[in-house]
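Visitor: Quick one: the structure is below, and I'll ask about it shortly.
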Amino acid sequence: MTRDCGEGKRCPYLAGRSLLQLLAERDWYRQRVETMEPAVKAAAEEIRRLREHLRAAQEEKEALVHRLEHIRLGSFKENVKQPQELPAAKRGAPAGHVGRGRKRPASVDRYVDIWPQRCQRCGREQITRYRNSFREHYVQDIEIKTVTTCYRIHDGYCPVCRSVVHTTDIPQDILPRSRIGPNARSIAACLRSVGLTYRTTGTIFRDIFRLPLTHPSLAQFDTRLADHGLPLYEQIRETVRSSSSIHADETGWRLDGHNAWLWTFLNKQVALFRIETSRGSAIVEDTLGKTYPGTLVSDFYSAYNPVAAVRKQKCLVHLLRDIRDIRQTVCLSDEELRFCDEVKTTFHTAMEAWRQYTRTEISGEALADTREKTAAELIRLCARPIRNKELQGIVHRIIKHHQELLTFLDHPEVEPTNNRAERGLRPSVIMRKITFGNRSQQGARNHAIIMSIVQTGILNGRRPLDIFRSLTCNTKPP
């Protein structure tokens with residue numbers, strides 16, 4: 001039952017205004033409020049940001065004022081004469097060495113003010129501020145904190161399709177079938193890459209991060225990293241095969257208690273590792289191909305001889321090291337000792353000329369002249385009659401590889417030693433001494449893939465932690 005208003009368009013209860021006019025004003029004010037609310041929120045956020053900026057600026061101003069006051073007072077220090085006899089200084093850096101210290105941090109995350117609580121003379125506790133005077137002491141530290149995050153993945157409903165909509169935009173921090181986040185996995189992989197065992201890594205996570213990780217879990221982390229990094233590993237392998245130069249070397253490895261070999265093929269851009277049970281030339285041919293289109297730098301191990309490379313360079317340090325060992329273990333005549341010294345001097349002179357050329361201290365003509373003199377000197381030395389069998393082996397090696405000893409003088413971009421490959425093997429050798437190799441083929445595969453990707457990233461200026469995080473989240477490496 002409805003009742004009409006007898007007053008019509010003018011209601012005495014509304015001060016003579018009509019109901020429609022009142023409703024229109026209400027709608028206008030409601031729309032106005034809805035329009036102003038975002039602006040008010042944005043203004044409040046801007047005020048909060050400006051207050052924080054002002055507080056930081058005031059703290060920085062106080063620090064600069066104090067530093068200026070300290071500098072001003074320091075210019076009027078008393079001229080205290082040093083004693084004539086100073087105590088003997090401790091042995092320090094060599095002459096000309098420039099001292100280095102930790103630089104002042106570029107930014108400060110927080111300021112902590114420490115005020116005196118009482119006077120040291122009378123014990124008074126009511127202490128007032130003294131001329132804005134304070135000393136600054138910067139401390140850089142890390143925060144150790146395990147964060148547990150619960151992601152609530154909601155479902156929606158589409159009124160048009162009349163169906164439930166499931167979320168497909170899952171954050172990268174949520175790994176499938178895993179309750180350990182990518183940061184913890186990446187840090188564990190970094191600790192493993194520097195030579196720590198699974199058990200030691202688990203102990204660090206348990207005692208420091210308060211995050212227990214078991215041995216099988218850490219092994220599973222490596223397997224997942226290797227699976228995600230396999231395409232990149234194959235890409236590194238193809239890059240090595242088509243590179244202009246490569247350093248190759250191998251070292252012993254243990255695979256489930258049996259002898260194996262860790263091979264490395266690297267240059268200035270890429271590093272490839274392989275763990276194989278063979279030390280034969282088949283591994284080199286499978287990696288570089290029977291015909292390698294670049295320069296192969298290696299030691300005198302025979303497995304590298306069957307590969308037909310455009311150029312080869314044998315490591316001169318290995319040759320000089322063998323001559324040194326012969327001198328120390330074999331009784332030689334004066335003529336034979338003179339032969340060893342002359343061979344050593346010849347190669348050292350050639351390598352020094354190469355270093356001077358790389359430092360632009362000599363010209364290319366001088367380097368070519370050194371190459372001709374070195375070749376003539378080696379021919380003269382090898383023509384000497386040598387009775388000692390060990391030295392005869394050195395002469396035979398020089399004659400056999402005479403075209404592979406002075407390549408670095410014809411092509412200065414080639415290094416005369418294989419030290420680059422030995423440095424590449426060093427991290428894995430340290431890990432082998434600590435962990436005694438791998439216990440399974442899967443572990444050997446994981447190690448080869450992970451070390452190849454990490455060392456390649458380091459050669460290209462990438463942080464291992466960033467590489468491990470990208471592999472963990474299965475994203476493109478940075």
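How things are named: the first chain in the structure tokens is A, the next is B, and so on; residues count from 1 in each chain; ligands count from 1 in the order shown.
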Write out as JSON, numbers by chain the set of residues from stretch 42-273 of chain A that DSSP, computed on the backbone, places in alpha helix (DSSP H).
Guide: {"A": [42, 43, 44, 45, 46, 47, 48, 49, 50, 51, 52, 53, 54, 55, 56, 57, 58, 59, 60, 61, 62, 63, 64, 65, 66, 67, 68, 69, 70, 71, 72, 73, 74, 182, 183, 184, 185, 186, 187, 188, 189, 190, 191, 192, 193, 198, 199, 200, 201, 202, 203, 204, 205, 206, 207, 215, 216, 217, 218, 219, 220, 221, 222, 223, 224, 225, 226, 227, 228, 229, 230, 231, 232, 233, 234, 235, 236, 237, 238, 239, 240, 241]}
Visitor: Just the residues within 12 Å of A:Asn460, please, counting only C-alpha atoms, with nothing from its chain fewer than 4 positions along; format it as a tab-separated table (two decimals) with C-alpha atoms, in the first residue's frame.
Guide:
```
chain	number	residue	atom	x	y	z
A	267	ASN	CA	89.43	-20.37	-23.93
A	268	LYS	CA	88.69	-16.77	-22.93
A	269	GLN	CA	84.93	-17.10	-23.56
A	270	VAL	CA	83.79	-20.67	-22.84
A	271	ALA	CA	84.75	-23.63	-20.64
A	453	ILE	CA	78.04	-23.27	-17.15
A	454	VAL	CA	79.50	-21.63	-14.03
A	455	GLN	CA	83.04	-21.29	-15.39
A	456	THR	CA	81.69	-19.96	-18.69
A	464	PRO	CA	77.58	-17.66	-10.00
A	467	ILE	CA	73.51	-18.12	-12.86
A	477	PRO	CA	70.72	-16.77	-17.77
A	478	PRO	CA	71.58	-13.10	-17.21
```
Visitor: Could you work out how far atom CA of A:His258 lies from atom CA of A:Arg279, giving the answer in Å with one decimal?
Guide: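 Spanning atom CA of A:Arg279 to atom CA of A:His258 is a straight-line distance of 13.6 Å.
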Visitor: So which bits of stretch 150-242 of chain A end up strand (DSSP E or B) when you DSSP the backbone, as a list in words?
Guide: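 For stretch 150-242 of chain A, the strand (DSSP E or B) set is Gly156, Tyr157, Cys158, Ser163, Val164 and Val165 of chain A.
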Visitor: Excluding same-chain residues fewer than 2 positions from A:Arg311, what lies within 7 Å of it counting only C-alpha atoms, as a PDB file with C-alpha atoms, in the first residue's frame?
Guide:
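Generated output (out.pdb):
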```pdb
ATOM      1  CA  GLY A 294      91.453 -23.376 -34.826  1.00  0.00           C
ATOM      2  CA  THR A 295      94.566 -23.513 -32.656  1.00  0.00           C
ATOM      3  CA  LEU A 296      94.857 -26.371 -30.166  1.00  0.00           C
ATOM      4  CA  ALA A 309      94.060 -28.752 -36.166  1.00  0.00           C
ATOM      5  CA  GLN A 313     100.934 -25.012 -29.705  1.00  0.00           C
TER       6      GLN A 313
END
```
Visitor: Sorted by chain and rising residue number, which residues of stretch 190-297 of chain A lie within 8 Å of stretch 145-154 of chain A, and what are their closest atom pairs and distances in Å to one decimal, counting only C-alpha atoms, as a tab-separated table?
Guide:
```
residue	atom	partner	partner_atom	distance
A:Phe209	CA	A:Thr146	CA	6.2
A:Arg210	CA	A:Thr146	CA	7.0
A:Leu211	CA	A:Thr146	CA	7.1
```
